[in-house]
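Reproduced below: model.cif, with mmCIF, C-alpha atoms.
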data_query
#
loop_
_atom_site.label_atom_id
_atom_site.label_comp_id
_atom_site.auth_asym_id
_atom_site.auth_seq_id
_atom_site.Cartn_x
_atom_site.Cartn_y
_atom_site.Cartn_z
CA MET N 1 11.56 -18.42 -1.56
CA PHE N 2 9.25 -17.71 -4.50
CA ARG N 3 5.89 -16.47 -3.32
CA GLN N 4 3.23 -17.59 -5.79
CA PRO N 5 0.27 -15.32 -6.68
CA ALA N 6 -2.67 -15.92 -4.35
CA VAL N 7 -5.39 -13.82 -6.04
CA ALA N 8 -4.43 -13.74 -9.74
CA GLY N 9 -7.54 -14.70 -11.67
CA GLN N 10 -9.71 -13.24 -8.91
CA PHE N 11 -8.69 -9.69 -8.05
CA TYR N 12 -6.96 -9.19 -11.40
CA SER N 13 -6.39 -11.19 -14.57
CA ASP N 14 -4.01 -14.14 -14.54
CA ASP N 15 -3.43 -13.71 -18.29
CA PRO N 16 -0.32 -11.54 -18.82
CA GLU N 17 -1.56 -9.90 -22.01
CA VAL N 18 -5.02 -9.18 -20.60
CA LEU N 19 -3.43 -7.80 -17.43
CA ARG N 20 -1.07 -5.51 -19.37
CA ALA N 21 -3.99 -4.21 -21.42
CA GLU N 22 -5.98 -3.56 -18.26
CA LEU N 23 -3.08 -1.73 -16.63
CA SER N 24 -2.60 0.39 -19.74
CA ARG N 25 -6.21 1.54 -19.38
CA LEU N 26 -5.95 2.16 -15.65
CA ILE N 27 -2.58 3.97 -15.58
CA LYS N 28 -2.46 7.29 -17.41
CA ARG N 29 1.10 8.61 -17.25
CA SER N 30 1.48 12.21 -16.15
CA PRO N 31 3.69 14.43 -18.34
CA GLU N 32 5.11 15.88 -15.10
CA PRO N 33 5.56 12.94 -12.72
CA ILE N 34 6.12 13.53 -9.02
CA GLU N 35 9.03 11.95 -7.20
CA ALA N 36 6.79 10.69 -4.43
CA LYS N 37 8.05 9.43 -1.12
CA MET N 38 4.82 7.54 -0.45
CA VAL N 39 1.49 6.63 -1.98
CA VAL N 40 -1.72 5.33 -0.45
CA ALA N 41 -3.49 2.94 -2.81
CA PRO N 42 -6.49 0.58 -2.51
CA HIS N 43 -6.32 -3.19 -2.80
CA ALA N 44 -9.75 -4.38 -3.94
CA GLY N 45 -10.33 -6.16 -7.22
CA TYR N 46 -9.21 -4.05 -10.14
CA MET N 47 -12.77 -3.72 -11.46
CA TYR N 48 -13.68 -1.88 -8.24
CA SER N 49 -10.61 0.08 -7.18
CA GLY N 50 -8.10 -0.32 -9.99
CA TRP N 51 -8.92 3.02 -11.55
CA VAL N 52 -8.24 4.80 -8.23
CA ALA N 53 -4.90 3.01 -7.83
CA GLY N 54 -4.04 3.55 -11.48
CA GLU N 55 -4.61 7.28 -11.27
CA VAL N 56 -2.19 7.52 -8.33
CA TYR N 57 0.49 5.35 -9.94
CA GLY N 58 0.23 7.34 -13.16
CA ARG N 59 1.26 10.48 -11.31
CA ILE N 60 4.60 9.26 -9.95
CA ARG N 61 8.10 8.88 -11.26
CA PRO N 62 8.73 5.10 -11.32
CA PRO N 63 10.80 4.03 -8.30
CA GLU N 64 13.63 1.53 -8.28
CA VAL N 65 12.47 -0.15 -5.06
CA ALA N 66 9.01 -0.34 -3.48
CA VAL N 67 8.50 -0.95 0.23
CA VAL N 68 4.91 -2.19 0.27
CA LEU N 69 3.11 -2.23 3.61
CA GLY N 70 -0.25 -3.96 3.88
CA PRO N 71 -2.59 -5.26 6.56
CA ASN N 72 -2.75 -8.89 7.55
CA HIS N 73 -6.26 -10.02 6.58
CA THR N 74 -5.61 -13.73 7.15
CA GLY N 75 -4.36 -13.66 10.74
CA LEU N 76 -1.49 -15.96 9.81
CA GLY N 77 2.10 -15.43 10.92
CA ALA N 78 3.78 -12.69 12.90
CA SER N 79 2.17 -9.34 13.66
CA ALA N 80 5.05 -7.54 11.93
CA ALA N 81 6.25 -9.79 9.10
CA ILE N 82 8.89 -9.10 6.48
CA VAL N 83 10.40 -11.24 3.73
CA SER N 84 14.06 -10.48 3.09
CA TYR N 85 15.00 -12.90 0.30
CA GLY N 86 13.55 -14.56 -2.78
CA ALA N 87 10.88 -13.04 -5.00
CA PHE N 88 7.15 -12.49 -5.39
CA LEU N 89 5.68 -13.78 -8.64
CA THR N 90 2.85 -12.24 -10.65
CA PRO N 91 1.52 -12.96 -14.15
CA LEU N 92 3.92 -10.26 -15.36
CA GLY N 93 6.94 -12.07 -13.97
CA GLU N 94 9.24 -11.99 -10.98
CA VAL N 95 9.59 -9.15 -8.47
CA PRO N 96 12.85 -9.80 -6.58
CA ILE N 97 13.22 -8.91 -2.92
CA GLU N 98 15.63 -6.05 -2.28
CA SER N 99 17.52 -8.06 0.33
CA THR N 100 20.08 -5.43 1.33
CA LEU N 101 17.38 -2.90 2.19
CA ALA N 102 15.19 -5.53 3.88
CA GLU N 103 18.07 -6.53 6.13
CA LYS N 104 18.80 -2.89 6.96
CA ILE N 105 15.15 -2.34 7.85
CA MET N 106 15.22 -5.34 10.19
CA GLU N 107 18.32 -3.91 11.89
CA GLU N 108 16.61 -0.56 12.41
CA ALA N 109 13.21 -2.03 13.33
CA PRO N 110 13.73 -5.17 15.43
CA ILE N 111 9.99 -5.69 15.88
CA LEU N 112 9.96 -7.16 12.35
CA ARG N 113 10.22 -10.90 11.96
CA GLU N 114 11.24 -12.93 8.94
CA ASP N 115 7.91 -14.62 8.25
CA HIS N 116 6.69 -16.05 4.97
CA LEU N 117 3.43 -17.41 6.38
CA ALA N 118 1.91 -13.96 6.91
CA HIS N 119 2.50 -13.20 3.22
CA LEU N 120 1.40 -16.54 1.79
CA TYR N 121 -2.25 -15.71 1.04
CA GLU N 122 -2.30 -11.96 1.74
CA HIS N 123 -3.79 -9.99 -1.16
CA SER N 124 -3.20 -6.42 0.05
CA LEU N 125 0.45 -6.38 -1.03
CA GLU N 126 0.04 -8.61 -4.07
CA VAL N 127 -2.46 -6.42 -5.92
CA GLN N 128 -0.02 -3.48 -5.87
CA LEU N 129 2.73 -5.39 -7.66
CA PRO N 130 1.39 -5.43 -11.25
CA PHE N 131 0.96 -1.64 -11.10
CA LEU N 132 4.57 -1.27 -9.95
CA GLN N 133 5.83 -3.75 -12.56
CA TYR N 134 3.99 -1.89 -15.30
CA LEU N 135 5.68 1.36 -14.25
CA GLN N 136 9.10 -0.17 -13.72
CA PRO N 137 9.69 -3.69 -15.08
CA GLU N 138 12.97 -3.97 -13.14
CA ILE N 139 11.48 -2.97 -9.80
CA SER N 140 12.44 -4.77 -6.60
CA LEU N 141 10.43 -5.14 -3.43
CA VAL N 142 10.44 -5.14 0.34
CA PRO N 143 7.12 -6.61 1.55
CA ILE N 144 5.87 -5.85 5.08
CA CYS N 145 2.63 -7.33 6.39
CA LEU N 146 1.25 -5.88 9.62
CA GLY N 147 -1.32 -7.02 12.16
CA ARG N 148 -2.18 -5.35 15.46
CA LEU N 149 0.48 -3.04 16.86
CA SER N 150 0.47 -0.47 19.64
CA ALA N 151 0.91 3.23 18.93
CA GLU N 152 4.46 3.00 20.34
CA GLU N 153 5.29 0.04 18.11
CA ILE N 154 3.88 1.86 15.07
CA GLU N 155 6.06 4.89 15.78
CA ASP N 156 9.18 2.82 16.41
CA LEU N 157 8.67 0.76 13.26
CA GLY N 158 8.00 3.85 11.15
CA LYS N 159 11.11 5.63 12.40
CA GLY N 160 13.26 2.56 11.87
CA LEU N 161 11.89 2.17 8.36
CA GLY N 162 12.62 5.81 7.63
CA ARG N 163 16.20 5.56 8.92
CA ALA N 164 16.87 2.51 6.76
CA ILE N 165 15.52 4.14 3.61
CA ALA N 166 17.28 7.46 4.29
CA GLY N 167 20.68 5.88 3.87
CA TYR N 168 19.79 3.74 0.87
CA PRO N 169 21.26 4.63 -2.54
CA SER N 170 18.27 3.58 -4.70
CA ARG N 171 15.06 5.54 -5.24
CA VAL N 172 12.55 4.03 -2.80
CA LEU N 173 8.77 4.42 -2.75
CA LEU N 174 6.65 3.63 0.31
CA VAL N 175 3.30 2.07 -0.65
CA ALA N 176 0.59 1.94 2.02
CA SER N 177 -2.04 -0.53 0.81
CA THR N 178 -5.46 0.10 2.35
CA ASP N 179 -9.15 0.33 1.73
CA PHE N 180 -11.24 2.64 3.89
CA SER N 181 -14.79 2.10 5.21
CA HIS N 182 -16.23 -1.37 4.67
CA TYR N 183 -19.87 -2.29 4.04
CA VAL N 184 -21.60 0.88 5.16
CA PRO N 185 -23.91 3.21 3.20
CA HIS N 186 -22.18 5.39 0.61
CA GLU N 187 -22.90 8.66 2.45
CA ILE N 188 -21.53 7.34 5.74
CA ALA N 189 -18.39 6.02 4.03
CA GLN N 190 -17.79 9.39 2.39
CA ARG N 191 -18.22 11.30 5.65
CA LYS N 192 -16.12 9.03 7.83
CA ASP N 193 -13.39 8.43 5.27
CA GLN N 194 -12.95 12.16 4.73
CA ARG N 195 -11.95 12.49 8.38
CA ALA N 196 -9.28 9.82 8.00
CA ILE N 197 -8.08 11.31 4.71
CA GLU N 198 -7.71 14.73 6.34
CA ARG N 199 -5.25 13.26 8.86
CA ILE N 200 -3.25 11.58 6.10
CA LEU N 201 -3.09 14.83 4.14
CA ALA N 202 -1.87 16.55 7.31
CA LEU N 203 0.88 13.90 7.59
CA ASP N 204 -0.43 13.07 11.04
CA PRO N 205 -0.04 9.34 11.82
CA LEU N 206 -1.12 9.60 15.45
CA GLY N 207 -4.13 11.70 14.47
CA LEU N 208 -5.05 9.08 11.87
CA LEU N 209 -5.00 6.32 14.48
CA GLU N 210 -7.09 8.43 16.85
CA VAL N 211 -9.77 9.39 14.33
CA VAL N 212 -10.13 5.83 13.04
CA VAL N 213 -10.78 4.60 16.58
CA ARG N 214 -12.98 7.52 17.62
CA GLU N 215 -15.15 7.45 14.49
CA ASP N 216 -15.16 3.64 14.23
CA ILE N 217 -13.81 3.72 10.67
CA SER N 218 -13.27 0.22 9.29
CA MET N 219 -10.02 1.14 7.54
CA CYS N 220 -8.18 -2.16 7.22
CA GLY N 221 -4.76 -0.67 6.51
CA VAL N 222 -4.68 2.07 9.12
CA ILE N 223 -1.60 0.57 10.81
CA PRO N 224 0.47 0.19 7.61
CA THR N 225 -0.56 3.71 6.62
CA ALA N 226 0.46 5.18 9.98
CA VAL N 227 3.81 3.36 9.84
CA ALA N 228 4.49 4.59 6.31
CA LEU N 229 3.46 8.15 7.22
CA THR N 230 5.90 8.12 10.13
CA ALA N 231 8.68 7.00 7.81
CA ALA N 232 7.74 9.53 5.11
CA ARG N 233 7.87 12.38 7.60
CA LEU N 234 11.33 11.32 8.73
CA LEU N 235 12.34 11.27 5.05
CA GLY N 236 11.28 14.90 4.69
CA ALA N 237 7.78 14.60 3.24
CA SER N 238 5.92 17.90 3.49
CA ARG N 239 3.10 17.75 0.92
CA ALA N 240 0.19 15.45 0.20
CA GLU N 241 -2.63 15.35 -2.33
CA LEU N 242 -5.83 13.35 -2.56
CA VAL N 243 -5.82 12.18 -6.16
CA ARG N 244 -9.14 10.33 -6.09
CA TYR N 245 -11.77 9.06 -3.66
CA ALA N 246 -14.46 6.62 -4.71
CA THR N 247 -16.60 3.81 -3.37
CA SER N 248 -17.53 0.41 -4.74
CA GLY N 249 -21.08 1.67 -5.21
CA GLU N 250 -19.94 3.75 -8.16
CA VAL N 251 -19.10 0.49 -9.95
CA SER N 252 -21.62 -1.98 -8.56
CA GLY N 253 -24.58 0.38 -8.27
CA ASP N 254 -25.14 -0.85 -4.71
CA TYR N 255 -24.88 2.24 -2.51
CA ALA N 256 -26.26 0.55 0.61
CA ARG N 257 -23.07 -1.40 1.45
CA VAL N 258 -19.92 0.08 -0.04
CA VAL N 259 -16.17 -0.02 0.44
CA GLY N 260 -14.24 3.25 0.26
CA TYR N 261 -11.09 3.72 -1.79
CA ALA N 262 -8.61 6.61 -1.73
CA GLY N 263 -5.52 7.30 -3.78
CA ILE N 264 -3.09 9.73 -2.13
CA LEU N 265 0.32 11.11 -3.13
CA ILE N 266 2.87 12.23 -0.53
CA TRP N 267 6.16 13.93 -1.40
#

Please, can you express the file's structure as structure tokens?
Amino acid sequence: MFRQPAVAGQFYSDDPEVLRAELSRLIKRSPEPIEAKMVVAPHAGYMYSGWVAGEVYGRIRPPEVAVVLGPNHTGLGASAAIVSYGAFLTPLGEVPIESTLAEKIMEEAPILREDHLAHLYEHSLEVQLPFLQYLQPEISLVPICLGRLSAEEIEDLGKGLGRAIAGYPSRVLLVASTDFSHYVPHEIAQRKDQRAIERILALDPLGLLEVVVREDISMCGVIPTAVALTAARLLGASRAELVRYATSGEVSGDYARVVGYAGILIW
């Protein structure tokens, strides 16, 4: 299975040289990279959120394997969908699936289903891949696309994911792909998103779910983020840092209806 790019030429350039040049502007390598267990990164078009994602990716030591968890925007396929073989393609080349780890994750988290349809047109995972390829050209991938899950299912999936990664010999990075508030005034997005970010920084997946529901925060990737946080905690994560928060209004000039973006490091 070779998953073709769905949003190249829309969310980011489909020209390899233009894309590399853009990534070189967006990613500024830290002289003291962090061996992160997890990052939270946005998935809008690079012109809007790429600089937030790039700042986060520039702070980390390049992983060997990325487990990328994103929300299912299309509604297609299973509610907990993984791909365990083949590769995802981008303009920068092929990102092979880390099949051994994917199979181990499915053993530890039986809620996951082998499902290519959920991934076919989903952009939330795809837009992370060029950043990861730029950092580590030989990187491999485990893609997980998530729809609606209960709090119990989120916890079980996160713990299973953590157990699978804990015994894996390669250096693995969890990537939670999410945007925050959608199409609300800039000031409201800032206020609401800060409450969600506080729960992420506290490494509190249940608290994140609760605050998003209570405050009606339109955070599309809250479930992938809560799953990844659960896994990161099991893997010993104890620190988190908000690298950058921004909204689309800072690019478009339209502050009446913005989307919020946050880049967060967890280690």

Residues returned when the PyMOL selection byres ((chain N and resi 149-160) around 6) runs on this file, as a PyMOL selection string | chain N and resi 108-109+148+161-163+227+230-231

Residue members of the PyMOL selection byres ((chain N and resi 199) around 12) in the file shown, as an mmCIF file with C-alpha atoms, in the coordinates of the input:
data_model
loop_
_atom_site.group_PDB
_atom_site.id
_atom_site.type_symbol
_atom_site.label_atom_id
_atom_site.label_comp_id
_atom_site.auth_asym_id
_atom_site.auth_seq_id
_atom_site.Cartn_x
_atom_site.Cartn_y
_atom_site.Cartn_z
ATOM 1 C CA LYS N 192 -16.120 9.030 7.830
ATOM 2 C CA ASP N 193 -13.390 8.430 5.270
ATOM 3 C CA GLN N 194 -12.950 12.160 4.730
ATOM 4 C CA ARG N 195 -11.950 12.490 8.380
ATOM 5 C CA ALA N 196 -9.280 9.820 8.000
ATOM 6 C CA ILE N 197 -8.080 11.310 4.710
ATOM 7 C CA GLU N 198 -7.710 14.730 6.340
ATOM 8 C CA ILE N 200 -3.250 11.580 6.100
ATOM 9 C CA LEU N 201 -3.090 14.830 4.140
ATOM 10 C CA ALA N 202 -1.870 16.550 7.310
ATOM 11 C CA LEU N 203 0.880 13.900 7.590
ATOM 12 C CA ASP N 204 -0.430 13.070 11.040
ATOM 13 C CA PRO N 205 -0.040 9.340 11.820
ATOM 14 C CA LEU N 206 -1.120 9.600 15.450
ATOM 15 C CA GLY N 207 -4.130 11.700 14.470
ATOM 16 C CA LEU N 208 -5.050 9.080 11.870
ATOM 17 C CA LEU N 209 -5.000 6.320 14.480
ATOM 18 C CA GLU N 210 -7.090 8.430 16.850
ATOM 19 C CA VAL N 211 -9.770 9.390 14.330
ATOM 20 C CA VAL N 212 -10.130 5.830 13.040
ATOM 21 C CA VAL N 222 -4.680 2.070 9.120
ATOM 22 C CA THR N 225 -0.560 3.710 6.620
ATOM 23 C CA ALA N 226 0.460 5.180 9.980
ATOM 24 C CA LEU N 229 3.460 8.150 7.220
ATOM 25 C CA ALA N 240 0.190 15.450 0.200
ATOM 26 C CA GLU N 241 -2.630 15.350 -2.330
ATOM 27 C CA LEU N 242 -5.830 13.350 -2.560
ATOM 28 C CA ILE N 264 -3.090 9.730 -2.130
#

For Val68 of chain N, which of N:Pro33, N:Pro224, N:Gly260, N:Gly249 is the closest residue, counting only C-alpha atoms?
-> N:Pro224

Report the residues retrieved by the PyMOL selection byres ((chain N and resi 267) around 12) from the displayed file, expressed as a PyMOL selection string.
-> chain N and resi 33-40+59-61+172-174+201+203+229+231-241+264-266

Could you pull the residues within 10 Å of segment 86-98 of chain N, counting all atoms listed in the file, minus those fewer than 6 positions along the same chain, as a PyMOL selection string?
-> chain N and resi 1-9+12-20+64-67+119+126-127+129-130+132-134+137-143

Segment 110-116 of chain N surroundings by only C-alpha atoms, 6 Å radius, close-in-sequence under 5 positions cut, as a list in words |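 My reading of the contact set: Ala80, Ala81, Ile82 and Val83 of chain N.
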
Two-atom distance - atom CA of His123 of chain N, atom CA of Tyr183 of chain N (Å) =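 About the pair atom CA of His123 of chain N and atom CA of Tyr183 of chain N: they are 18.6 Å apart.
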
Centre and size of axis-aligned box enclosing segment 38-56 of chain N plus 5 Å each side, as lines of an AutoDock Vina configuration file:
center_x = -4.4
center_y = 0.7
center_z = -6.0
size_x = 28.5
size_y = 23.7
size_z = 21.1

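Minimum distance to Glu215 of chain N across N:Ile188, N:Ile165, N:Ala228, N:Ala246 (counting all atoms listed in the file) occurs at N:Ile188.
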
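The shortest atom-to-atom distance to Ala118 of chain N, with all atoms listed in the file taken into account, belongs to N:Leu76 out of N:Leu135, N:Ile144, N:Cys220, N:Leu76.
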
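For the residues N:Ala176, N:Thr100, N:Gly167, N:Trp51, ranking by smallest atom-to-atom distance to Glu22 of chain N using all atoms listed in the file places N:Trp51 first.
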
With all atoms listed in the file as the atoms that count, which of N:Arg257, N:Arg25, N:Arg171, N:Arg244 lies nearest to Leu101 of chain N?
-> N:Arg171

In Å to one decimal, how far is atom CA of Gly77 of chain N from atom CA of Ile105 of chain N?
-> 18.7 Å

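The shortest atom-to-atom distance to Ser30 of chain N, with only C-alpha atoms taken into account, belongs to N:Val56 out of N:Val56, N:Cys145, N:Ala44, N:Ala78.
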
Length of the atom CA of Ser177 of chain N to atom CA of Ala41 of chain N vector [Å] = 5.2 Å

List the neighbours of His186 of chain N out to 8 Å using all atoms listed in the file; skip same-chain residues closer than 4 positions along the sequence, and give me the result as a PyMOL selection string.
-> chain N and resi 190+247+249+255-258

Expected file content for segment 103-133 of chain N, C-alpha atoms, as a CSV table (one decimal), in the first residue's frame:
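The new file decode.csv reads:
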chain,number,residue,atom,x,y,z
N,103,GLU,CA,1.8,-4.8,14.7
N,104,LYS,CA,3.0,-4.6,18.3
N,105,ILE,CA,0.7,-1.6,18.9
N,106,MET,CA,-2.2,-3.5,17.5
N,107,GLU,CA,-1.5,-6.4,19.8
N,108,GLU,CA,-1.4,-4.0,22.8
N,109,ALA,CA,-4.4,-1.9,21.7
N,110,PRO,CA,-7.0,-4.2,20.1
N,111,ILE,CA,-9.4,-1.3,19.5
N,112,LEU,CA,-7.2,-0.4,16.4
N,113,ARG,CA,-8.3,-1.6,13.0
N,114,GLU,CA,-6.2,-2.0,9.9
N,115,ASP,CA,-8.0,0.6,7.8
N,116,HIS,CA,-6.6,2.5,4.8
N,117,LEU,CA,-9.8,4.3,4.0
N,118,ALA,CA,-9.6,6.5,7.1
N,119,HIS,CA,-6.1,7.7,6.0
N,120,LEU,CA,-6.9,8.1,2.3
N,121,TYR,CA,-7.8,11.8,2.3
N,122,GLU,CA,-6.9,12.8,5.8
N,123,HIS,CA,-4.6,15.8,6.0
N,124,SER,CA,-3.8,16.0,9.7
N,125,LEU,CA,-1.2,13.3,9.6
N,126,GLU,CA,0.1,14.1,6.1
N,127,VAL,CA,1.2,17.7,6.8
N,128,GLN,CA,3.5,16.5,9.6
N,129,LEU,CA,5.5,14.2,7.4
N,130,PRO,CA,7.6,16.7,5.4
N,131,PHE,CA,8.7,18.2,8.7
N,132,LEU,CA,9.8,14.8,10.0
N,133,GLN,CA,11.5,13.9,6.7
